[in-house]
file target-v3.cif (mmCIF, C-alpha atoms and all ligand atoms)
data_work
#
loop_
_atom_site.label_atom_id
_atom_site.label_comp_id
_atom_site.auth_asym_id
_atom_site.auth_seq_id
_atom_site.Cartn_x
_atom_site.Cartn_y
_atom_site.Cartn_z
CA MET Z 283 113.49 115.47 78.19
CA GLU Z 284 110.04 115.87 79.73
CA ASN Z 285 108.89 118.67 81.97
CA CYS Z 286 106.81 118.33 85.07
CA LEU Z 287 104.61 121.12 86.23
CA TYR Z 288 104.72 119.90 89.81
CA ALA Z 289 108.51 120.05 90.12
CA ALA Z 290 108.22 123.84 90.46
CA GLN Z 291 105.72 123.30 93.25
CA GLY Z 292 108.27 121.30 95.22
CA CYS Z 293 107.09 117.75 94.51
CA GLY Z 294 110.64 116.38 94.40
CA GLY Z 295 109.53 112.92 93.25
CA CYS Z 296 111.88 113.14 90.25
CA SER Z 297 114.87 114.97 91.67
CA LEU Z 298 116.92 114.39 88.46
CA LEU Z 299 114.24 115.29 85.91
CA ALA Z 300 116.15 118.35 84.70
CA THR Z 301 119.18 116.16 83.88
CA PRO Z 302 119.05 114.36 80.49
CA TYR Z 303 118.49 110.62 81.01
CA GLU Z 304 121.81 109.64 79.37
CA THR Z 305 123.63 111.96 81.79
CA GLN Z 306 121.73 110.48 84.74
CA LEU Z 307 122.99 107.04 83.71
CA LEU Z 308 126.58 108.29 83.42
CA GLN Z 309 126.33 109.87 86.87
CA LYS Z 310 124.95 106.69 88.42
CA GLN Z 311 127.65 104.63 86.73
CA ALA Z 312 130.33 106.99 88.04
CA ARG Z 313 128.96 106.78 91.59
CA VAL Z 314 128.90 102.96 91.59
CA ASP Z 315 132.33 102.79 89.86
CA GLU Z 316 133.86 104.99 92.51
CA LEU Z 317 132.38 103.09 95.43
CA LEU Z 318 133.35 99.72 93.94
CA THR Z 319 136.88 100.74 92.80
CA PRO Z 320 138.53 98.74 95.64
CA PHE Z 321 136.76 95.58 94.51
CA CYS Z 322 136.38 95.34 90.74
CA VAL Z 323 135.74 97.07 87.42
CA THR Z 324 132.00 97.47 86.91
CA GLU Z 325 130.11 96.61 83.74
CA PRO Z 326 128.00 99.26 81.94
CA ILE Z 327 124.76 100.28 83.64
CA ILE Z 328 121.53 98.80 82.26
CA GLY Z 329 119.29 101.78 81.57
CA MET Z 330 115.58 101.89 80.79
CA GLU Z 331 114.40 102.25 77.21
CA THR Z 332 111.38 104.45 77.99
CA PRO Z 333 112.14 105.84 81.42
CA TYR Z 334 108.66 107.16 82.28
CA HIS Z 335 105.51 105.87 84.01
CA TYR Z 336 107.42 102.90 85.35
CA ARG Z 337 106.23 102.91 88.98
CA ASN Z 338 103.68 100.20 89.72
CA LYS Z 339 102.90 101.70 93.12
CA ALA Z 340 101.57 105.16 93.92
CA ILE Z 341 100.64 106.97 97.12
CA LEU Z 342 98.16 109.80 97.57
CA SER Z 343 98.11 111.62 100.92
CA PHE Z 344 95.30 113.61 102.50
CA ALA Z 345 94.94 116.67 104.77
CA PRO Z 346 91.93 118.74 105.81
CA LEU Z 347 91.37 122.11 104.15
CA PRO Z 348 91.22 124.94 106.68
CA HIS Z 349 87.71 126.11 107.66
CA SER Z 350 86.09 123.47 105.50
CA ARG Z 351 84.79 119.94 105.76
CA ARG Z 352 86.56 119.05 102.53
CA PHE Z 353 90.10 117.81 102.12
CA ALA Z 354 93.16 118.32 99.95
CA SER Z 355 95.02 115.40 98.40
CA GLY Z 356 98.39 115.07 96.73
CA ILE Z 357 102.00 114.02 97.08
CA TYR Z 358 104.08 115.39 99.96
CA ALA Z 359 106.56 118.10 98.86
CA ALA Z 360 110.20 117.01 99.29
CA GLY Z 361 111.15 116.96 102.98
CA SER Z 362 107.77 118.19 104.26
CA HIS Z 363 104.12 117.29 104.72
CA ARG Z 364 102.88 120.06 102.44
CA LEU Z 365 100.66 118.53 99.78
CA VAL Z 366 101.37 119.14 96.11
CA PRO Z 367 98.13 118.43 94.20
CA VAL Z 368 99.64 116.05 91.64
CA THR Z 369 97.05 114.81 89.16
CA ASP Z 370 99.54 113.74 86.52
CA CYS Z 371 102.90 112.10 87.20
CA LEU Z 372 105.78 111.11 84.91
CA LEU Z 373 106.98 108.30 87.17
CA GLN Z 374 103.75 106.54 88.04
CA ASP Z 375 101.85 104.09 85.88
CA ALA Z 376 99.26 106.43 84.31
CA ARG Z 377 96.33 104.19 85.24
CA LEU Z 378 97.34 104.35 88.92
CA THR Z 379 97.29 108.14 88.86
CA GLU Z 380 93.75 108.01 87.42
CA VAL Z 381 92.58 105.41 89.93
CA LEU Z 382 93.86 107.46 92.86
CA GLN Z 383 92.01 110.52 91.55
CA LYS Z 384 88.80 108.48 91.30
CA ALA Z 385 89.39 107.09 94.79
CA ALA Z 386 89.87 110.62 96.17
CA GLU Z 387 86.60 111.67 94.46
CA ALA Z 388 84.80 108.69 95.99
CA ALA Z 389 86.19 109.60 99.42
CA ALA Z 390 85.00 113.20 98.99
CA ASN Z 391 81.52 112.05 97.88
CA CYS Z 392 81.34 109.81 100.95
CA HIS Z 393 82.42 112.78 103.14
CA LEU Z 394 85.35 110.90 104.63
CA PRO Z 395 87.24 113.27 106.93
CA ALA Z 396 90.97 113.63 106.29
CA TRP Z 397 93.41 113.00 109.12
CA ASP Z 398 94.60 116.23 110.73
CA GLU Z 399 98.17 115.68 111.92
CA ASP Z 400 98.22 118.75 114.17
CA ARG Z 401 94.88 118.18 115.88
CA GLU Z 402 95.24 114.41 115.73
CA ALA Z 403 91.66 114.05 114.53
CA GLY Z 404 89.99 112.70 111.42
CA LEU Z 405 90.35 109.44 109.55
CA LEU Z 406 91.84 109.32 106.07
CA ARG Z 407 95.66 109.50 105.95
CA HIS Z 408 96.76 107.99 102.62
CA MET Z 409 95.77 105.71 99.79
CA VAL Z 410 98.28 103.29 98.30
CA ALA Z 411 97.52 101.77 94.91
CA ARG Z 412 99.51 99.06 93.20
CA ARG Z 413 99.08 97.68 89.70
CA GLY Z 414 100.19 94.40 88.22
CA VAL Z 415 101.26 95.76 84.85
CA LYS Z 416 101.06 92.35 83.17
CA THR Z 417 97.60 91.47 84.54
CA GLY Z 418 96.11 94.96 84.92
CA GLU Z 419 94.94 94.06 88.46
CA ILE Z 420 94.94 96.90 90.98
CA SER Z 421 94.96 96.80 94.78
CA LEU Z 422 93.91 99.81 96.82
CA ALA Z 423 94.87 100.29 100.47
CA VAL Z 424 93.05 103.01 102.39
CA VAL Z 425 95.19 104.05 105.34
CA THR Z 426 93.06 105.24 108.26
CA ALA Z 427 94.06 106.68 111.61
CA GLU Z 428 91.51 104.53 113.44
CA ALA Z 429 90.09 101.04 113.17
CA VAL Z 430 86.51 102.35 112.99
CA PHE Z 431 85.82 103.36 109.39
CA PRO Z 432 82.29 104.77 109.03
CA GLY Z 433 81.20 104.83 105.39
CA SER Z 434 83.65 102.08 104.35
CA ARG Z 435 80.93 100.13 102.50
CA ASP Z 436 79.73 103.11 100.48
CA PHE Z 437 83.29 104.12 99.69
CA THR Z 438 84.27 100.62 98.58
CA LYS Z 439 81.17 100.31 96.43
CA ALA Z 440 81.79 103.67 94.79
CA VAL Z 441 85.47 103.15 94.09
CA THR Z 442 85.12 99.62 92.71
CA LYS Z 443 82.28 100.79 90.48
CA ALA Z 444 84.35 103.70 89.19
CA CYS Z 445 87.42 101.46 88.70
CA PRO Z 446 86.48 97.89 87.75
CA ASP Z 447 90.18 96.94 87.56
CA ILE Z 448 90.48 97.24 91.37
CA VAL Z 449 90.51 93.61 92.51
CA THR Z 450 90.90 94.28 96.22
CA VAL Z 451 90.35 97.12 98.71
CA VAL Z 452 92.09 96.88 102.06
CA GLN Z 453 91.80 99.15 105.10
CA ASN Z 454 95.23 99.62 106.61
CA ILE Z 455 95.14 101.00 110.14
CA ASN Z 456 97.97 103.32 111.10
CA THR Z 457 97.31 104.90 114.50
CA ARG Z 458 100.92 105.95 115.06
CA LYS Z 459 102.39 109.43 114.90
CA THR Z 460 104.79 108.55 112.12
CA SER Z 461 105.71 109.43 108.58
CA ALA Z 462 105.67 105.72 107.66
CA VAL Z 463 102.68 105.30 105.38
CA LEU Z 464 101.41 101.86 106.36
CA GLY Z 465 100.45 100.53 109.78
CA ASP Z 466 100.59 96.93 110.99
CA THR Z 467 96.90 95.98 110.96
CA GLU Z 468 94.64 95.41 108.00
CA LYS Z 469 91.04 94.57 107.20
CA VAL Z 470 90.02 93.36 103.78
CA LEU Z 471 87.02 95.42 102.57
CA PHE Z 472 86.69 93.91 99.09
CA GLY Z 473 88.29 91.02 97.19
CA LYS Z 474 90.99 88.76 98.58
CA GLY Z 475 93.50 91.19 100.04
CA PHE Z 476 96.09 90.84 97.28
CA LEU Z 477 96.60 91.35 93.56
CA THR Z 478 98.24 88.94 91.15
CA ASP Z 479 100.99 89.90 88.70
CA GLU Z 480 103.33 88.07 86.34
CA LEU Z 481 107.10 88.40 86.38
CA CYS Z 482 109.82 86.29 84.73
CA GLY Z 483 107.23 83.77 83.53
CA SER Z 484 105.69 83.10 86.97
CA ARG Z 485 102.59 84.44 88.69
CA PHE Z 486 102.82 86.21 92.03
CA GLN Z 487 100.27 87.16 94.66
CA ILE Z 488 101.21 90.42 96.35
CA SER Z 489 99.71 91.70 99.61
CA THR Z 490 99.61 95.40 100.39
CA ARG Z 491 102.35 95.25 102.99
CA ALA Z 492 104.69 92.89 101.14
CA PHE Z 493 107.64 94.34 99.21
CA TYR Z 494 107.42 94.19 95.41
CA GLN Z 495 109.93 95.89 93.09
CA VAL Z 496 108.40 99.13 91.78
CA ASN Z 497 109.78 98.98 88.22
CA PRO Z 498 108.64 95.70 86.63
CA VAL Z 499 110.33 96.30 83.25
CA GLN Z 500 113.75 96.73 84.87
CA THR Z 501 113.09 94.03 87.48
CA GLU Z 502 113.05 91.36 84.77
CA LYS Z 503 116.45 92.63 83.57
CA LEU Z 504 117.74 92.78 87.17
CA TYR Z 505 116.72 89.21 87.94
CA ALA Z 506 118.03 87.94 84.58
CA LEU Z 507 121.41 89.46 85.47
CA ALA Z 508 121.34 88.01 89.00
CA LEU Z 509 120.50 84.59 87.55
CA GLU Z 510 123.26 84.89 84.93
CA TYR Z 511 125.78 85.73 87.68
CA ALA Z 512 124.55 82.77 89.75
CA GLY Z 513 125.36 80.36 86.88
CA LEU Z 514 122.81 77.76 87.95
CA THR Z 515 122.93 74.40 86.18
CA GLY Z 516 120.11 72.55 87.92
CA LYS Z 517 122.31 70.87 90.55
CA GLU Z 518 122.79 73.68 93.08
CA THR Z 519 121.40 74.16 96.55
CA VAL Z 520 120.47 77.84 96.82
CA LEU Z 521 119.64 80.31 99.58
CA ASP Z 522 117.56 83.43 98.80
CA ALA Z 523 117.98 85.79 101.74
CA TYR Z 524 115.66 88.82 102.14
CA CYS Z 525 113.39 87.05 99.64
CA GLY Z 526 110.19 89.17 99.80
CA ILE Z 527 107.32 87.36 98.04
CA GLY Z 528 109.78 84.87 96.55
CA THR Z 529 110.41 86.47 93.16
CA ILE Z 530 114.13 85.59 92.96
CA ALA Z 531 113.69 82.27 94.81
CA LEU Z 532 110.98 80.99 92.47
CA THR Z 533 112.82 82.17 89.36
CA ALA Z 534 115.99 80.43 90.60
CA ALA Z 535 114.10 77.28 91.66
CA LYS Z 536 113.45 76.47 87.99
CA LYS Z 537 117.21 76.24 87.44
CA ALA Z 538 118.43 74.77 90.73
CA LYS Z 539 118.12 71.59 92.78
CA SER Z 540 116.51 73.34 95.74
CA VAL Z 541 116.00 76.83 97.17
CA ALA Z 542 115.68 77.78 100.84
CA SER Z 543 114.57 81.35 101.53
CA VAL Z 544 114.24 83.69 104.47
CA GLU Z 545 112.25 86.91 104.91
CA LEU Z 546 111.20 89.02 107.91
CA SER Z 547 107.70 90.05 106.77
CA ALA Z 548 105.09 87.40 107.63
CA ASP Z 549 102.78 88.73 104.91
CA ALA Z 550 105.50 88.38 102.27
CA VAL Z 551 106.32 84.82 103.41
CA ARG Z 552 102.63 83.86 103.22
CA ASN Z 553 102.58 85.24 99.64
CA ALA Z 554 105.84 83.43 98.79
CA ARG Z 555 104.56 80.04 99.96
CA HIS Z 556 101.37 80.53 98.04
CA ASN Z 557 103.31 81.68 94.98
CA ALA Z 558 105.39 78.48 95.02
CA ARG Z 559 102.21 76.37 95.03
CA MET Z 560 100.50 78.53 92.40
CA ASN Z 561 103.44 78.01 90.03
CA GLY Z 562 103.79 74.31 90.76
CA ILE Z 563 107.26 74.81 92.25
CA GLU Z 564 108.04 72.07 94.76
CA ASN Z 565 111.75 72.61 95.43
CA ALA Z 566 111.49 75.97 97.29
CA VAL Z 567 110.84 76.54 100.99
CA PHE Z 568 110.34 79.81 102.88
CA ALA Z 569 111.14 80.66 106.50
CA CYS Z 570 109.96 83.77 108.33
CA GLY Z 571 112.65 85.50 110.38
CA ASP Z 572 115.81 87.58 110.41
CA ALA Z 573 118.19 86.61 107.60
CA GLY Z 574 121.28 86.92 109.81
CA GLU Z 575 119.86 84.66 112.52
CA ALA Z 576 118.66 82.14 109.95
CA LEU Z 577 122.02 81.93 108.18
CA GLU Z 578 123.90 81.71 111.49
CA GLY Z 579 121.61 78.84 112.48
CA ALA Z 580 122.21 77.13 109.14
CA ALA Z 581 126.00 77.60 109.41
CA ASN Z 582 125.96 76.19 112.98
CA ALA Z 583 124.01 73.18 111.76
CA GLY Z 584 126.59 72.63 109.01
CA GLU Z 585 124.07 73.28 106.25
CA ARG Z 586 125.71 74.02 102.89
CA PHE Z 587 124.58 76.17 99.99
CA ASP Z 588 126.23 76.32 96.58
CA VAL Z 589 124.83 79.76 95.79
CA VAL Z 590 123.46 82.49 98.07
CA PHE Z 591 121.37 85.40 96.77
CA LEU Z 592 121.01 88.35 99.12
CA ASP Z 593 118.80 91.35 98.42
CA PRO Z 594 118.70 93.33 101.67
CA PRO Z 595 116.92 96.67 102.26
CA ARG Z 596 118.79 100.00 102.01
CA GLU Z 597 120.63 99.50 105.30
CA GLY Z 598 122.46 96.52 103.77
CA ALA Z 599 123.15 93.12 105.32
CA SER Z 600 123.81 92.71 109.05
CA GLU Z 601 127.28 91.75 110.29
CA GLN Z 602 125.72 88.59 111.65
CA PHE Z 603 124.54 87.77 108.14
CA LEU Z 604 127.89 88.53 106.51
CA ALA Z 605 129.94 86.64 109.12
CA SER Z 606 127.60 83.65 108.75
CA LEU Z 607 127.83 83.88 104.95
CA ASP Z 608 131.58 83.60 105.28
CA ARG Z 609 131.27 80.59 107.60
CA ALA Z 610 128.65 78.91 105.40
CA ALA Z 611 131.18 79.29 102.55
CA PRO Z 612 128.94 78.99 99.46
CA LYS Z 613 130.73 78.72 96.10
CA ARG Z 614 129.16 81.98 94.93
CA ALA Z 615 127.09 84.79 96.36
CA VAL Z 616 125.02 87.22 94.30
CA TYR Z 617 124.37 90.49 96.12
CA VAL Z 618 121.46 92.58 94.77
CA SER Z 619 121.76 96.00 96.37
CA CYS Z 620 119.55 99.09 96.30
CA ASN Z 621 122.19 101.19 98.07
CA PRO Z 622 125.77 101.29 96.72
CA GLU Z 623 127.11 102.84 99.96
CA THR Z 624 126.04 99.93 102.19
CA LEU Z 625 127.01 97.54 99.38
CA ALA Z 626 130.59 98.88 99.45
CA ARG Z 627 130.65 98.60 103.25
CA ASP Z 628 129.49 94.97 103.13
CA LEU Z 629 131.93 94.07 100.34
CA SER Z 630 134.75 95.50 102.36
CA PHE Z 631 133.71 93.31 105.35
CA LEU Z 632 133.85 90.25 103.10
CA LYS Z 633 137.06 91.28 101.33
CA LYS Z 634 138.88 91.26 104.70
CA ARG Z 635 137.78 87.64 105.03
CA GLY Z 636 139.19 86.61 101.68
CA TRP Z 637 136.22 87.18 99.38
CA HIS Z 638 136.60 88.50 95.82
CA VAL Z 639 134.20 90.43 93.65
CA LEU Z 640 134.13 88.83 90.22
CA ARG Z 641 131.52 90.94 88.45
CA ALA Z 642 129.36 93.96 89.22
CA ARG Z 643 126.80 95.89 87.18
CA PRO Z 644 124.44 98.73 88.02
CA VAL Z 645 120.81 98.59 86.85
CA ASP Z 646 118.67 101.71 86.71
CA MET Z 647 115.48 100.72 88.51
CA PHE Z 648 114.56 104.30 89.42
CA PRO Z 649 115.00 106.73 86.49
CA HIS Z 650 114.88 110.45 87.41
CA THR Z 651 115.70 109.70 91.05
CA GLU Z 652 119.07 109.41 92.83
CA HIS Z 653 118.64 105.71 93.47
CA VAL Z 654 120.53 102.96 91.71
CA GLU Z 655 120.51 99.18 92.01
CA THR Z 656 123.68 97.07 91.66
CA VAL Z 657 124.21 93.33 91.18
CA VAL Z 658 127.49 91.84 92.38
CA LEU Z 659 128.94 88.35 91.99
CA MET Z 660 131.31 87.31 94.76
CA SER Z 661 133.24 84.21 95.60
CA ARG Z 662 135.71 83.12 98.26
CA ALA Z 663 138.10 81.44 95.89
CA LYS Z 664 139.32 83.49 92.96
CA ASP Z 665 138.22 81.40 89.99
N1 LIG A 1 114.22 89.96 96.87
C1 LIG A 1 112.91 90.56 97.01
C2 LIG A 1 112.81 91.54 98.19
C3 LIG A 1 113.90 92.56 98.32
S1 LIG A 1 113.51 93.92 99.38
C4 LIG A 1 112.49 91.23 95.73
O1 LIG A 1 113.30 91.48 94.84
O2 LIG A 1 111.28 91.52 95.59
C5 LIG A 1 114.20 93.49 100.89
C6 LIG A 1 113.34 92.52 101.70
O3 LIG A 1 114.04 92.27 102.92
C7 LIG A 1 111.96 93.04 102.11
O4 LIG A 1 110.99 92.09 101.71
C8 LIG A 1 112.03 93.13 103.64
O5 LIG A 1 110.80 92.81 104.27
C9 LIG A 1 113.09 92.11 103.97
N2 LIG A 1 113.84 92.28 105.22
C10 LIG A 1 114.15 93.45 105.86
N3 LIG A 1 114.93 93.19 106.94
C11 LIG A 1 115.10 91.83 106.98
C12 LIG A 1 115.82 90.96 107.86
N4 LIG A 1 116.51 91.44 108.90
N5 LIG A 1 115.80 89.64 107.60
C13 LIG A 1 115.10 89.14 106.55
N6 LIG A 1 114.41 89.92 105.68
C14 LIG A 1 114.41 91.25 105.89
#

call {"tool": "encode", "arguments": {"input": "target-v3.cif", "output": "structure tokens", "more": "lines below"}}
Ligand code: SAH
result
Amino acid sequence: MENCLYAAQGCGGCSLLATPYETQLLQKQARVDELLTPFCVTEPIIGMETPYHYRNKAILSFAPLPHSRRFASGIYAAGSHRLVPVTDCLLQDARLTEVLQKAAEAAANCHLPAWDEDREAGLLRHMVARRGVKTGEISLAVVTAEAVFPGSRDFTKAVTKACPDIVTVVQNINTRKTSAVLGDTEKVLFGKGFLTDELCGSRFQISTRAFYQVNPVQTEKLYALALEYAGLTGKETVLDAYCGIGTIALTAAKKAKSVASVELSADAVRNARHNARMNGIENAVFACGDAGEALEGAANAGERFDVVFLDPPREGASEQFLASLDRAAPKRAVYVSCNPETLARDLSFLKKRGWHVLRARPVDMFPHTEHVETVVLMSRAKD
């Protein structure tokens, strides 16, 4: 068991750190077992061999120091905007922690003013760094409170010199009074606006605002399980709903006849289409929109899928999506869930319509935190 000096200062990033990892896994298993009792017996949780430094994305936040032109940087304490000056972290990829420290130094040397939430003045709100652990490529997003970014050239020059593994620097503009980190507008300051990583034997371009699983080691296990549940033979028509940058879709496309996919984020869809081309995959298409609307449209048009993957955000799938899934009547559906509570709710919706859960297995994507991922195989006919 490792200790973290920042836990005492309220960081809260690893809320379960004091619990031995084996016990964490038992607790997560018990939680998923209990929620899924009405549907099936779950298989044993897939834990992580070395459950540290797994996060491929890290955020550093900024605030002005009182009576000074300098700023403080760190991670927000649990449930507040008080900064804990974390310079070493057990969850993050160690290189990301270093890069963010160098980026904060570059910002200080360039005299960038931190955003002051109370006075609503200043510029620098956060920095978000992501690392492709297979390629070593790093993207850095500098979140500013305004579009005008004086000193951006000097900052970019300094940070890319200090960290040659940064392949792109993006200014993300977040003018809103919100605790959401990223805003909707971006300017590329250096590089191409994305990094490239490898996962499950394919290469993926990933933009700052597109979703990408934060634990790449466990993601390969998660997708392998989802693919095993899907039982693809090369003949199936597949739907990947909530597809992100196309990671599941493109992995499945190699084992299916065709894959249609839908995703709300335009940035992610742009990445997904590019990723298909980059990997020479010609049997996958991507639509931008709401998954529920798209599946309802497909069901109305009489389109048929043999297998549907769904990997919705924490709030789960919409009723429109689930009702349309039932009408579209695929042979199998594989639900990848990051929230067992909404998973149980959605399974209960489908159970009332005659669906059965055939297999379910938790995967620990987020060691030392409360979160747990679950993969479920469902079908309408009990086979
Ligand atoms: N399967 C992908 C992404 C899963 S995260 C992966 O493993 O990487 C969930 C995704 O759902 C995010 O990319 C998010 O942008 C998308 N999303 C959120 N609400 C949506 C909706 N209503 N319709 C379609 N996609 C949605």

call {"tool": "closest_atom_pairs", "arguments": {"input": "target-v3.cif", "of": "chain Z", "to": "ligand LIG 1 (chain A)", "cutoff": "10 Å", "atoms": "only C-alpha atoms and all ligand atoms", "output": "JSON lines"}}
result
{"residue": "Z:Arg491", "atom": "CA", "partner": "A:LIG1", "partner_atom": "O5", "distance": 8.9}
{"residue": "Z:Ala492", "atom": "CA", "partner": "A:LIG1", "partner_atom": "O4", "distance": 6.4}
{"residue": "Z:Phe493", "atom": "CA", "partner": "A:LIG1", "partner_atom": "O4", "distance": 4.7}
{"residue": "Z:Tyr494", "atom": "CA", "partner": "A:LIG1", "partner_atom": "O2", "distance": 4.7}
{"residue": "Z:Gln495", "atom": "CA", "partner": "A:LIG1", "partner_atom": "O2", "distance": 5.2}
{"residue": "Z:Val496", "atom": "CA", "partner": "A:LIG1", "partner_atom": "O2", "distance": 9.0}
{"residue": "Z:Thr501", "atom": "CA", "partner": "A:LIG1", "partner_atom": "O1", "distance": 7.8}
{"residue": "Z:Leu504", "atom": "CA", "partner": "A:LIG1", "partner_atom": "O1", "distance": 9.0}
{"residue": "Z:Tyr505", "atom": "CA", "partner": "A:LIG1", "partner_atom": "O1", "distance": 8.0}
{"residue": "Z:Asp522", "atom": "CA", "partner": "A:LIG1", "partner_atom": "N1", "distance": 7.6}
{"residue": "Z:Ala523", "atom": "CA", "partner": "A:LIG1", "partner_atom": "C13", "distance": 6.5}
{"residue": "Z:Tyr524", "atom": "CA", "partner": "A:LIG1", "partner_atom": "O3", "distance": 3.9}
{"residue": "Z:Cys525", "atom": "CA", "partner": "A:LIG1", "partner_atom": "N1", "distance": 4.1}
{"residue": "Z:Gly526", "atom": "CA", "partner": "A:LIG1", "partner_atom": "O4", "distance": 3.6}
{"residue": "Z:Ile527", "atom": "CA", "partner": "A:LIG1", "partner_atom": "O2", "distance": 6.2}
{"residue": "Z:Gly528", "atom": "CA", "partner": "A:LIG1", "partner_atom": "C1", "distance": 6.5}
{"residue": "Z:Thr529", "atom": "CA", "partner": "A:LIG1", "partner_atom": "O2", "distance": 5.7}
{"residue": "Z:Ile530", "atom": "CA", "partner": "A:LIG1", "partner_atom": "N1", "distance": 5.9}
{"residue": "Z:Ala531", "atom": "CA", "partner": "A:LIG1", "partner_atom": "N1", "distance": 8.0}
{"residue": "Z:Ser543", "atom": "CA", "partner": "A:LIG1", "partner_atom": "C13", "distance": 9.3}
{"residue": "Z:Val544", "atom": "CA", "partner": "A:LIG1", "partner_atom": "C13", "distance": 5.9}
{"residue": "Z:Glu545", "atom": "CA", "partner": "A:LIG1", "partner_atom": "N6", "distance": 3.8}
{"residue": "Z:Leu546", "atom": "CA", "partner": "A:LIG1", "partner_atom": "N6", "distance": 4.0}
{"residue": "Z:Ser547", "atom": "CA", "partner": "A:LIG1", "partner_atom": "O5", "distance": 4.8}
{"residue": "Z:Ala548", "atom": "CA", "partner": "A:LIG1", "partner_atom": "O5", "distance": 8.6}
{"residue": "Z:Asp549", "atom": "CA", "partner": "A:LIG1", "partner_atom": "O5", "distance": 9.0}
{"residue": "Z:Ala550", "atom": "CA", "partner": "A:LIG1", "partner_atom": "O4", "distance": 6.6}
{"residue": "Z:Val551", "atom": "CA", "partner": "A:LIG1", "partner_atom": "O4", "distance": 8.8}
{"residue": "Z:Ala569", "atom": "CA", "partner": "A:LIG1", "partner_atom": "C13", "distance": 9.4}
{"residue": "Z:Cys570", "atom": "CA", "partner": "A:LIG1", "partner_atom": "C13", "distance": 7.6}
{"residue": "Z:Gly571", "atom": "CA", "partner": "A:LIG1", "partner_atom": "C13", "distance": 5.8}
{"residue": "Z:Asp572", "atom": "CA", "partner": "A:LIG1", "partner_atom": "N5", "distance": 3.5}
{"residue": "Z:Ala573", "atom": "CA", "partner": "A:LIG1", "partner_atom": "N5", "distance": 3.9}
{"residue": "Z:Gly574", "atom": "CA", "partner": "A:LIG1", "partner_atom": "N5", "distance": 6.5}
{"residue": "Z:Glu575", "atom": "CA", "partner": "A:LIG1", "partner_atom": "N5", "distance": 8.1}
{"residue": "Z:Ala576", "atom": "CA", "partner": "A:LIG1", "partner_atom": "N5", "distance": 8.4}
{"residue": "Z:Leu577", "atom": "CA", "partner": "A:LIG1", "partner_atom": "N5", "distance": 9.9}
{"residue": "Z:Phe591", "atom": "CA", "partner": "A:LIG1", "partner_atom": "N1", "distance": 8.5}
{"residue": "Z:Leu592", "atom": "CA", "partner": "A:LIG1", "partner_atom": "N1", "distance": 7.3}
{"residue": "Z:Asp593", "atom": "CA", "partner": "A:LIG1", "partner_atom": "N1", "distance": 5.0}
{"residue": "Z:Pro594", "atom": "CA", "partner": "A:LIG1", "partner_atom": "C5", "distance": 4.6}
{"residue": "Z:Pro595", "atom": "CA", "partner": "A:LIG1", "partner_atom": "C5", "distance": 4.4}
{"residue": "Z:Arg596", "atom": "CA", "partner": "A:LIG1", "partner_atom": "C5", "distance": 8.0}
{"residue": "Z:Glu597", "atom": "CA", "partner": "A:LIG1", "partner_atom": "N3", "distance": 8.7}
{"residue": "Z:Gly598", "atom": "CA", "partner": "A:LIG1", "partner_atom": "N3", "distance": 8.8}
{"residue": "Z:Ala599", "atom": "CA", "partner": "A:LIG1", "partner_atom": "N4", "distance": 7.7}
{"residue": "Z:Ser600", "atom": "CA", "partner": "A:LIG1", "partner_atom": "N4", "distance": 7.4}
{"residue": "Z:Phe603", "atom": "CA", "partner": "A:LIG1", "partner_atom": "N4", "distance": 8.9}
{"residue": "Z:Val618", "atom": "CA", "partner": "A:LIG1", "partner_atom": "N1", "distance": 8.0}
{"residue": "Z:Ser619", "atom": "CA", "partner": "A:LIG1", "partner_atom": "C3", "distance": 8.8}
{"residue": "Z:Cys620", "atom": "CA", "partner": "A:LIG1", "partner_atom": "S1", "distance": 8.5}

call {"tool": "atom_distance", "arguments": {"input": "target-v3.cif", "atom1": "CA of Leu318 in chain Z", "atom2": "CA of Ala610 in chain Z"}}
result
24.2 Å

call {"tool": "closest_atom_pairs", "arguments": {"input": "target-v3.cif", "of": "range 475-520 of chain Z", "to": "range 449-468 of chain Z", "cutoff": "12 Å", "atoms": "only C-alpha atoms", "output": "CSV"}}
result
residue,atom,partner,partner_atom,distance
Z:Gly475,CA,Z:Thr450,CA,5.6
Z:Phe476,CA,Z:Thr450,CA,6.3
Z:Leu477,CA,Z:Val449,CA,6.6
Z:Thr478,CA,Z:Val449,CA,9.1
Z:Asp479,CA,Z:Val449,CA,11.8
Z:Gln487,CA,Z:Thr450,CA,11.9
Z:Ile488,CA,Z:Thr450,CA,11.0
Z:Ser489,CA,Z:Val452,CA,9.5
Z:Thr490,CA,Z:Val452,CA,7.8
Z:Arg491,CA,Z:Leu464,CA,7.5
Z:Ala492,CA,Z:Leu464,CA,10.9

call {"tool": "write_last_selection", "arguments": {"input": "target-v3.cif", "atoms": "C-alpha atoms", "output": "PDB file, keeping the file's coordinate frame"}}
result
ATOM      1  CA  GLY Z 475      93.500  91.190 100.040  1.00  0.00           C
ATOM      2  CA  PHE Z 476      96.090  90.840  97.280  1.00  0.00           C
ATOM      3  CA  LEU Z 477      96.600  91.350  93.560  1.00  0.00           C
ATOM      4  CA  THR Z 478      98.240  88.940  91.150  1.00  0.00           C
ATOM      5  CA  ASP Z 479     100.990  89.900  88.700  1.00  0.00           C
ATOM      6  CA  GLN Z 487     100.270  87.160  94.660  1.00  0.00           C
ATOM      7  CA  ILE Z 488     101.210  90.420  96.350  1.00  0.00           C
ATOM      8  CA  SER Z 489      99.710  91.700  99.610  1.00  0.00           C
ATOM      9  CA  THR Z 490      99.610  95.400 100.390  1.00  0.00           C
ATOM     10  CA  ARG Z 491     102.350  95.250 102.990  1.00  0.00           C
ATOM     11  CA  ALA Z 492     104.690  92.890 101.140  1.00  0.00           C
TER      12      ALA Z 492
END
